[in-house]
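Below is model-v6.tsv, which holds TSV, N, CA and C atoms.
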chain	number	residue	atom	x	y	z
A	1	PRO	N	-109.87	-15.10	-10.39
A	1	PRO	CA	-109.89	-15.09	-8.93
A	1	PRO	C	-110.25	-13.72	-8.36
A	2	ARG	N	-109.30	-12.79	-8.24
A	2	ARG	CA	-109.64	-11.49	-7.68
A	2	ARG	C	-110.53	-10.73	-8.65
A	3	SER	N	-110.22	-10.79	-9.95
A	3	SER	CA	-111.04	-10.10	-10.95
A	3	SER	C	-112.44	-10.68	-10.99
A	4	ARG	N	-112.55	-11.99	-10.86
A	4	ARG	CA	-113.87	-12.63	-10.86
A	4	ARG	C	-114.67	-12.15	-9.66
A	5	GLY	N	-114.03	-12.06	-8.51
A	5	GLY	CA	-114.73	-11.58	-7.31
A	5	GLY	C	-115.23	-10.16	-7.48
A	6	LEU	N	-114.41	-9.30	-8.10
A	6	LEU	CA	-114.84	-7.93	-8.36
A	6	LEU	C	-116.03	-7.90	-9.32
A	7	ALA	N	-115.95	-8.71	-10.36
A	7	ALA	CA	-117.04	-8.76	-11.34
A	7	ALA	C	-118.33	-9.27	-10.70
A	8	LEU	N	-118.21	-10.26	-9.85
A	8	LEU	CA	-119.40	-10.80	-9.18
A	8	LEU	C	-120.01	-9.76	-8.25
A	9	ALA	N	-119.17	-9.04	-7.53
A	9	ALA	CA	-119.67	-7.99	-6.63
A	9	ALA	C	-120.36	-6.89	-7.42
A	10	ALA	N	-119.78	-6.49	-8.54
A	10	ALA	CA	-120.39	-5.45	-9.37
A	10	ALA	C	-121.70	-5.94	-9.98
A	11	SER	N	-121.70	-7.17	-10.50
A	11	SER	CA	-122.91	-7.72	-11.11
A	11	SER	C	-124.05	-7.80	-10.10
A	12	ALA	N	-123.73	-8.27	-8.91
A	12	ALA	CA	-124.75	-8.40	-7.87
A	12	ALA	C	-125.26	-7.04	-7.41
A	13	SER	N	-124.52	-5.98	-7.67
A	13	SER	CA	-124.91	-4.64	-7.26
A	13	SER	C	-125.83	-3.95	-8.27
A	14	LEU	N	-125.95	-4.52	-9.45
A	14	LEU	CA	-126.84	-3.97	-10.47
A	14	LEU	C	-128.23	-4.57	-10.31
A	15	PRO	N	-129.26	-3.81	-10.67
A	15	PRO	CA	-130.62	-4.36	-10.59
A	15	PRO	C	-130.76	-5.59	-11.49
A	16	GLY	N	-131.05	-6.72	-10.90
A	16	GLY	CA	-131.22	-7.96	-11.66
A	16	GLY	C	-129.91	-8.60	-12.08
A	17	GLY	N	-128.79	-8.07	-11.67
A	17	GLY	CA	-127.49	-8.63	-12.09
A	17	GLY	C	-127.25	-8.27	-13.54
A	18	ALA	N	-126.02	-8.48	-14.00
A	18	ALA	CA	-125.69	-8.14	-15.38
A	18	ALA	C	-124.33	-8.70	-15.74
A	19	THR	N	-124.04	-8.77	-17.04
A	19	THR	CA	-122.73	-9.18	-17.49
A	19	THR	C	-121.76	-8.02	-17.28
A	20	VAL	N	-120.61	-8.33	-16.67
A	20	VAL	CA	-119.63	-7.31	-16.31
A	20	VAL	C	-118.30	-7.66	-16.96
A	21	THR	N	-117.65	-6.66	-17.54
A	21	THR	CA	-116.29	-6.81	-18.05
A	21	THR	C	-115.35	-6.17	-17.05
A	22	VAL	N	-114.31	-6.90	-16.67
A	22	VAL	CA	-113.30	-6.34	-15.77
A	22	VAL	C	-112.03	-6.10	-16.56
A	23	ALA	N	-111.55	-4.87	-16.50
A	23	ALA	CA	-110.28	-4.50	-17.13
A	23	ALA	C	-109.29	-4.24	-16.01
A	24	VAL	N	-108.24	-5.06	-15.95
A	24	VAL	CA	-107.23	-4.92	-14.89
A	24	VAL	C	-106.06	-4.14	-15.45
A	25	GLU	N	-105.84	-2.95	-14.92
A	25	GLU	CA	-104.75	-2.11	-15.38
A	25	GLU	C	-103.42	-2.70	-14.95
A	26	GLY	N	-102.46	-2.71	-15.86
A	26	GLY	CA	-101.15	-3.25	-15.56
A	26	GLY	C	-101.01	-4.72	-15.88
A	27	ALA	N	-102.14	-5.44	-15.90
A	27	ALA	CA	-102.09	-6.87	-16.20
A	27	ALA	C	-102.38	-7.12	-17.67
A	28	GLY	N	-102.96	-6.14	-18.34
A	28	GLY	CA	-103.26	-6.27	-19.76
A	28	GLY	C	-104.23	-7.37	-20.08
A	29	ARG	N	-105.16	-7.66	-19.20
A	29	ARG	CA	-106.12	-8.73	-19.48
A	29	ARG	C	-107.52	-8.28	-19.14
A	30	ARG	N	-108.47	-8.93	-19.74
A	30	ARG	CA	-109.87	-8.64	-19.48
A	30	ARG	C	-110.58	-9.94	-19.17
A	31	LEU	N	-111.45	-9.91	-18.25
A	31	LEU	CA	-112.21	-11.08	-17.84
A	31	LEU	C	-113.69	-10.77	-18.03
A	32	PHE	N	-114.38	-11.66	-18.70
A	32	PHE	CA	-115.80	-11.46	-18.94
A	32	PHE	C	-116.57	-12.42	-18.05
A	33	VAL	N	-117.44	-11.91	-17.22
A	33	VAL	CA	-118.17	-12.74	-16.28
A	33	VAL	C	-119.66	-12.55	-16.51
A	34	ALA	N	-120.36	-13.64	-16.64
A	34	ALA	CA	-121.80	-13.59	-16.89
A	34	ALA	C	-122.53	-13.16	-15.63
A	35	ALA	N	-123.73	-12.67	-15.82
A	35	ALA	CA	-124.56	-12.22	-14.71
A	35	ALA	C	-124.74	-13.34	-13.70
A	36	ALA	N	-124.66	-12.98	-12.45
A	36	ALA	CA	-124.89	-13.94	-11.37
A	36	ALA	C	-126.39	-14.22	-11.30
A	37	THR	N	-126.76	-15.48	-11.43
A	37	THR	CA	-128.17	-15.83	-11.37
A	37	THR	C	-128.50	-16.59	-10.09
A	38	GLY	N	-127.49	-17.01	-9.37
A	38	GLY	CA	-127.69	-17.71	-8.11
A	38	GLY	C	-126.68	-17.17	-7.12
A	39	PRO	N	-126.15	-18.05	-6.27
A	39	PRO	CA	-125.11	-17.60	-5.34
A	39	PRO	C	-123.93	-17.00	-6.09
A	40	LEU	N	-123.26	-16.02	-5.48
A	40	LEU	CA	-122.19	-15.31	-6.15
A	40	LEU	C	-121.10	-16.22	-6.67
A	41	GLY	N	-120.81	-17.30	-6.00
A	41	GLY	CA	-119.75	-18.20	-6.42
A	41	GLY	C	-120.09	-19.01	-7.65
A	42	GLN	N	-121.32	-18.92	-8.15
A	42	GLN	CA	-121.73	-19.75	-9.27
A	42	GLN	C	-121.81	-19.02	-10.61
A	43	ALA	N	-121.29	-17.82	-10.69
A	43	ALA	CA	-121.30	-17.10	-11.98
A	43	ALA	C	-120.31	-17.77	-12.92
A	44	ALA	N	-120.63	-17.74	-14.20
A	44	ALA	CA	-119.79	-18.40	-15.21
A	44	ALA	C	-119.08	-17.36	-16.06
A	45	VAL	N	-117.97	-17.75	-16.64
A	45	VAL	CA	-117.26	-16.87	-17.56
A	45	VAL	C	-118.06	-16.80	-18.85
A	46	ALA	N	-118.25	-15.59	-19.34
A	46	ALA	CA	-119.04	-15.37	-20.56
A	46	ALA	C	-118.12	-15.40	-21.78
A	47	GLU	N	-118.71	-15.44	-22.94
A	47	GLU	CA	-117.96	-15.36	-24.19
A	47	GLU	C	-117.34	-13.97	-24.30
A	48	GLU	N	-116.17	-13.89	-24.93
A	48	GLU	CA	-115.48	-12.60	-25.02
A	48	GLU	C	-116.22	-11.58	-25.86
A	49	ASP	N	-117.14	-12.01	-26.71
A	49	ASP	CA	-117.88	-11.04	-27.51
A	49	ASP	C	-119.21	-10.66	-26.87
A	50	ALA	N	-119.45	-11.13	-25.65
A	50	ALA	CA	-120.68	-10.77	-24.95
A	50	ALA	C	-120.68	-9.28	-24.66
A	51	ALA	N	-121.82	-8.64	-24.87
A	51	ALA	CA	-121.93	-7.21	-24.62
A	51	ALA	C	-122.13	-6.98	-23.12
A	52	PRO	N	-121.21	-6.29	-22.47
A	52	PRO	CA	-121.36	-6.06	-21.03
A	52	PRO	C	-122.38	-4.98	-20.74
A	53	ALA	N	-123.00	-5.06	-19.58
A	53	ALA	CA	-123.89	-4.01	-19.10
A	53	ALA	C	-123.11	-3.03	-18.24
A	54	LEU	N	-121.88	-3.43	-17.85
A	54	LEU	CA	-121.04	-2.61	-16.99
A	54	LEU	C	-119.58	-2.97	-17.23
A	55	VAL	N	-118.71	-1.97	-17.21
A	55	VAL	CA	-117.26	-2.19	-17.27
A	55	VAL	C	-116.70	-1.78	-15.91
A	56	LEU	N	-115.85	-2.63	-15.36
A	56	LEU	CA	-115.18	-2.34	-14.10
A	56	LEU	C	-113.69	-2.24	-14.37
A	57	ARG	N	-113.12	-1.06	-14.14
A	57	ARG	CA	-111.68	-0.86	-14.32
A	57	ARG	C	-111.00	-0.98	-12.97
A	58	ASP	N	-110.13	-1.96	-12.82
A	58	ASP	CA	-109.37	-2.13	-11.59
A	58	ASP	C	-108.02	-1.45	-11.80
A	59	MET	N	-107.87	-0.25	-11.26
A	59	MET	CA	-106.67	0.56	-11.44
A	59	MET	C	-105.76	0.52	-10.21
A	60	ARG	N	-106.00	-0.42	-9.30
A	60	ARG	CA	-105.22	-0.46	-8.06
A	60	ARG	C	-103.75	-0.72	-8.29
A	61	ALA	N	-103.38	-1.41	-9.36
A	61	ALA	CA	-101.96	-1.69	-9.64
A	61	ALA	C	-101.31	-0.55	-10.42
A	62	SER	N	-102.06	0.46	-10.75
A	62	SER	CA	-101.56	1.61	-11.51
A	62	SER	C	-101.02	2.68	-10.58
A	63	ALA	N	-100.22	3.57	-11.10
A	63	ALA	CA	-99.74	4.72	-10.34
A	63	ALA	C	-100.83	5.78	-10.20
A	64	LEU	N	-101.91	5.65	-10.95
A	64	LEU	CA	-103.02	6.62	-10.88
A	64	LEU	C	-103.78	6.45	-9.57
A	65	THR	N	-104.18	7.55	-8.98
A	65	THR	CA	-104.98	7.50	-7.76
A	65	THR	C	-106.40	7.98	-7.99
A	66	ALA	N	-106.69	8.51	-9.16
A	66	ALA	CA	-108.03	8.95	-9.52
A	66	ALA	C	-108.13	8.96	-11.04
A	67	LEU	N	-109.36	8.81	-11.53
A	67	LEU	CA	-109.57	8.78	-12.97
A	67	LEU	C	-110.99	9.24	-13.27
A	68	ALA	N	-111.14	10.16	-14.21
A	68	ALA	CA	-112.45	10.61	-14.68
A	68	ALA	C	-112.35	10.82	-16.18
A	69	LEU	N	-113.00	9.95	-16.94
A	69	LEU	CA	-112.91	10.00	-18.40
A	69	LEU	C	-114.18	10.48	-19.07
A	70	GLY	N	-115.30	10.39	-18.40
A	70	GLY	CA	-116.58	10.74	-19.01
A	70	GLY	C	-117.35	9.51	-19.41
A	71	ALA	N	-118.61	9.71	-19.72
A	71	ALA	CA	-119.52	8.61	-20.01
A	71	ALA	C	-119.12	7.86	-21.27
A	72	GLU	N	-119.30	6.53	-21.24
A	72	GLU	CA	-119.10	5.67	-22.40
A	72	GLU	C	-120.44	5.05	-22.77
A	73	ASP	N	-120.42	4.04	-23.64
A	73	ASP	CA	-121.66	3.40	-24.07
A	73	ASP	C	-122.36	2.68	-22.93
A	74	VAL	N	-121.59	2.13	-22.00
A	74	VAL	CA	-122.15	1.45	-20.83
A	74	VAL	C	-121.55	2.10	-19.58
A	75	PRO	N	-122.22	1.98	-18.44
A	75	PRO	CA	-121.65	2.53	-17.21
A	75	PRO	C	-120.28	1.91	-16.91
A	76	VAL	N	-119.39	2.73	-16.32
A	76	VAL	CA	-118.03	2.29	-15.99
A	76	VAL	C	-117.76	2.59	-14.52
A	77	LEU	N	-117.40	1.56	-13.77
A	77	LEU	CA	-116.94	1.71	-12.39
A	77	LEU	C	-115.42	1.65	-12.42
A	78	THR	N	-114.76	2.59	-11.77
A	78	THR	CA	-113.31	2.57	-11.68
A	78	THR	C	-112.91	2.45	-10.22
A	79	LEU	N	-112.01	1.52	-9.95
A	79	LEU	CA	-111.53	1.26	-8.60
A	79	LEU	C	-110.07	1.69	-8.52
A	80	THR	N	-109.78	2.68	-7.67
A	80	THR	CA	-108.41	3.15	-7.48
A	80	THR	C	-108.06	3.07	-6.00
A	81	GLU	N	-106.76	3.14	-5.72
A	81	GLU	CA	-106.29	3.04	-4.33
A	81	GLU	C	-105.23	4.09	-4.08
A	82	ALA	N	-105.33	4.76	-2.94
A	82	ALA	CA	-104.33	5.74	-2.53
A	82	ALA	C	-104.26	5.77	-1.01
A	83	GLY	N	-103.08	5.62	-0.48
A	83	GLY	CA	-102.90	5.68	0.96
A	83	GLY	C	-103.70	4.65	1.73
A	84	GLY	N	-103.90	3.49	1.16
A	84	GLY	CA	-104.65	2.44	1.83
A	84	GLY	C	-106.16	2.57	1.73
A	85	SER	N	-106.65	3.59	1.05
A	85	SER	CA	-108.09	3.78	0.87
A	85	SER	C	-108.48	3.49	-0.57
A	86	LEU	N	-109.59	2.80	-0.73
A	86	LEU	CA	-110.13	2.53	-2.06
A	86	LEU	C	-111.12	3.62	-2.44
A	87	THR	N	-111.11	3.98	-3.72
A	87	THR	CA	-112.08	4.92	-4.25
A	87	THR	C	-112.82	4.25	-5.39
A	88	VAL	N	-114.13	4.35	-5.37
A	88	VAL	CA	-114.98	3.81	-6.43
A	88	VAL	C	-115.62	4.99	-7.14
A	89	THR	N	-115.40	5.08	-8.46
A	89	THR	CA	-115.95	6.16	-9.28
A	89	THR	C	-116.87	5.55	-10.32
A	90	LEU	N	-118.06	6.10	-10.46
A	90	LEU	CA	-119.00	5.65	-11.48
A	90	LEU	C	-119.14	6.74	-12.52
A	91	GLU	N	-118.98	6.36	-13.78
A	91	GLU	CA	-119.20	7.27	-14.90
A	91	GLU	C	-120.27	6.64	-15.80
A	92	CYS	N	-121.34	7.39	-16.04
A	92	CYS	CA	-122.38	6.89	-16.93
A	92	CYS	C	-123.22	8.06	-17.42
A	93	SER	N	-123.87	7.84	-18.54
A	93	SER	CA	-124.77	8.86	-19.06
A	93	SER	C	-126.09	8.79	-18.31
A	94	ALA	N	-126.86	9.84	-18.41
A	94	ALA	CA	-128.16	9.87	-17.74
A	94	ALA	C	-129.07	8.75	-18.25
A	95	SER	N	-128.89	8.35	-19.51
A	95	SER	CA	-129.71	7.27	-20.06
A	95	SER	C	-129.17	5.89	-19.68
A	96	GLY	N	-127.93	5.84	-19.18
A	96	GLY	CA	-127.31	4.56	-18.82
A	96	GLY	C	-127.89	3.95	-17.56
A	97	LEU	N	-128.08	4.76	-16.54
A	97	LEU	CA	-128.65	4.33	-15.26
A	97	LEU	C	-129.46	5.48	-14.68
A	98	SER	N	-130.54	5.14	-14.01
A	98	SER	CA	-131.28	6.17	-13.28
A	98	SER	C	-130.43	6.58	-12.08
A	99	ALA	N	-130.74	7.72	-11.50
A	99	ALA	CA	-130.00	8.19	-10.32
A	99	ALA	C	-130.10	7.17	-9.19
A	100	ARG	N	-131.27	6.59	-9.00
A	100	ARG	CA	-131.47	5.58	-7.93
A	100	ARG	C	-130.63	4.33	-8.20
A	101	ASP	N	-130.65	3.84	-9.46
A	101	ASP	CA	-129.86	2.66	-9.80
A	101	ASP	C	-128.36	2.93	-9.68
A	102	ALA	N	-127.93	4.15	-10.04
A	102	ALA	CA	-126.52	4.51	-9.91
A	102	ALA	C	-126.10	4.51	-8.45
A	103	LEU	N	-126.92	5.09	-7.60
A	103	LEU	CA	-126.62	5.10	-6.16
A	103	LEU	C	-126.60	3.69	-5.59
A	104	ASP	N	-127.57	2.87	-6.00
A	104	ASP	CA	-127.61	1.48	-5.53
A	104	ASP	C	-126.38	0.70	-5.99
A	105	LEU	N	-125.94	0.94	-7.22
A	105	LEU	CA	-124.76	0.27	-7.76
A	105	LEU	C	-123.52	0.61	-6.95
A	106	VAL	N	-123.27	1.90	-6.76
A	106	VAL	CA	-122.06	2.32	-6.05
A	106	VAL	C	-122.11	1.89	-4.58
A	107	SER	N	-123.23	2.11	-3.91
A	107	SER	CA	-123.29	1.74	-2.50
A	107	SER	C	-123.27	0.23	-2.31
A	108	GLY	N	-123.93	-0.51	-3.20
A	108	GLY	CA	-123.91	-1.97	-3.12
A	108	GLY	C	-122.52	-2.54	-3.37
A	109	PHE	N	-121.84	-2.00	-4.39
A	109	PHE	CA	-120.49	-2.46	-4.71
A	109	PHE	C	-119.53	-2.14	-3.56
A	110	ALA	N	-119.60	-0.91	-3.04
A	110	ALA	CA	-118.74	-0.53	-1.92
A	110	ALA	C	-119.01	-1.40	-0.70
A	111	GLY	N	-120.27	-1.70	-0.44
A	111	GLY	CA	-120.62	-2.58	0.68
A	111	GLY	C	-120.07	-3.98	0.51
A	112	ARG	N	-120.12	-4.49	-0.71
A	112	ARG	CA	-119.58	-5.83	-0.98
A	112	ARG	C	-118.06	-5.86	-0.85
A	113	LEU	N	-117.39	-4.76	-1.20
A	113	LEU	CA	-115.95	-4.69	-1.01
A	113	LEU	C	-115.59	-4.59	0.47
A	114	ALA	N	-116.39	-3.84	1.23
A	114	ALA	CA	-116.10	-3.65	2.65
A	114	ALA	C	-116.36	-4.91	3.45
A	115	GLU	N	-117.40	-5.66	3.11
A	115	GLU	CA	-117.77	-6.87	3.85
A	115	GLU	C	-118.07	-8.01	2.87
A	116	PRO	N	-117.05	-8.55	2.20
A	116	PRO	CA	-117.31	-9.56	1.17
A	116	PRO	C	-117.94	-10.84	1.70
A	117	LEU	N	-117.61	-11.28	2.88
A	117	LEU	CA	-118.18	-12.53	3.38
A	117	LEU	C	-119.67	-12.40	3.64
A	118	ARG	N	-120.12	-11.24	4.08
A	118	ARG	CA	-121.55	-11.03	4.33
A	118	ARG	C	-122.36	-11.21	3.05
A	119	HIS	N	-121.80	-10.84	1.92
A	119	HIS	CA	-122.52	-10.89	0.66
A	119	HIS	C	-122.43	-12.25	-0.03
A	120	LEU	N	-121.60	-13.12	0.48
A	120	LEU	CA	-121.50	-14.47	-0.09
A	120	LEU	C	-122.55	-15.39	0.49
A	121	LEU	N	-123.14	-15.00	1.60
A	121	LEU	CA	-124.13	-15.86	2.26
A	121	LEU	C	-125.49	-15.73	1.66

In structure tokens, write the structure found in this file.
Amino acid sequence: PRSRGLALAASASLPGGATVTVAVEGAGRRLFVAAATGPLGQAAVAEEDAAPALVLRDMRASALTALALGAEDVPVLTLTEAGGSLTVTLECSASGLSARDALDLVSGFAGRLAEPLRHLL
């Protein structure tokens, strides 16, 4: 439900969509969502061994208010919350995403979080 919505928003923010893994901190679970190929509500759950193009860490239930770990094999978006404000952090290597694609990913994801109904249409 909420994790699926985050994964769909992140997938739709990548060029051409992509498979996204959501790691929910505090819940100890991971949800694998296949790339959105049509309307956002029609994405399917992927196999657990599917290689993600993006990892989304939902740290809002954690006591952490910021996180910076460094680049991994795939780009990582981290979502944290402090004082009622959400922070989106992208960590990726230069070969993981171009600067333009990285900017599009972060701004697209933030826009989808700010106005989710607009992006469902």

Item to complete: May I ask for the distance between atom CA of A:Leu6 and atom N of A:Gly83, given in Å to one decimal place?
Response: 19.6 Å

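The spacing separating atom CA of A:Ala50 from atom CA of A:Val76 amounts to 16.1 Å.
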
Practice prompt. Please determine the residues with any atom at most 6 Å from (-126.7, -6.2, -17.2) (coordinates as given in the file, with only N, CA and C atoms counting) and report them as number ranges by chain.
Written response: A: 17-19, 52-54

Practice prompt. Could you please give me, as a ChimeraX atom specification, the residues of protein, DNA or RNA lying at most 12 Å from (-120.5, 4.7, -23.3) in the coordinate frame of the file, considering only C-alpha atoms?
Written response: /A:52-55,69-77,90-97

Worksheet, complete the sentence: Here atom N of A:Val24 and atom N of A:Met59 stand apart by 6.7 Å
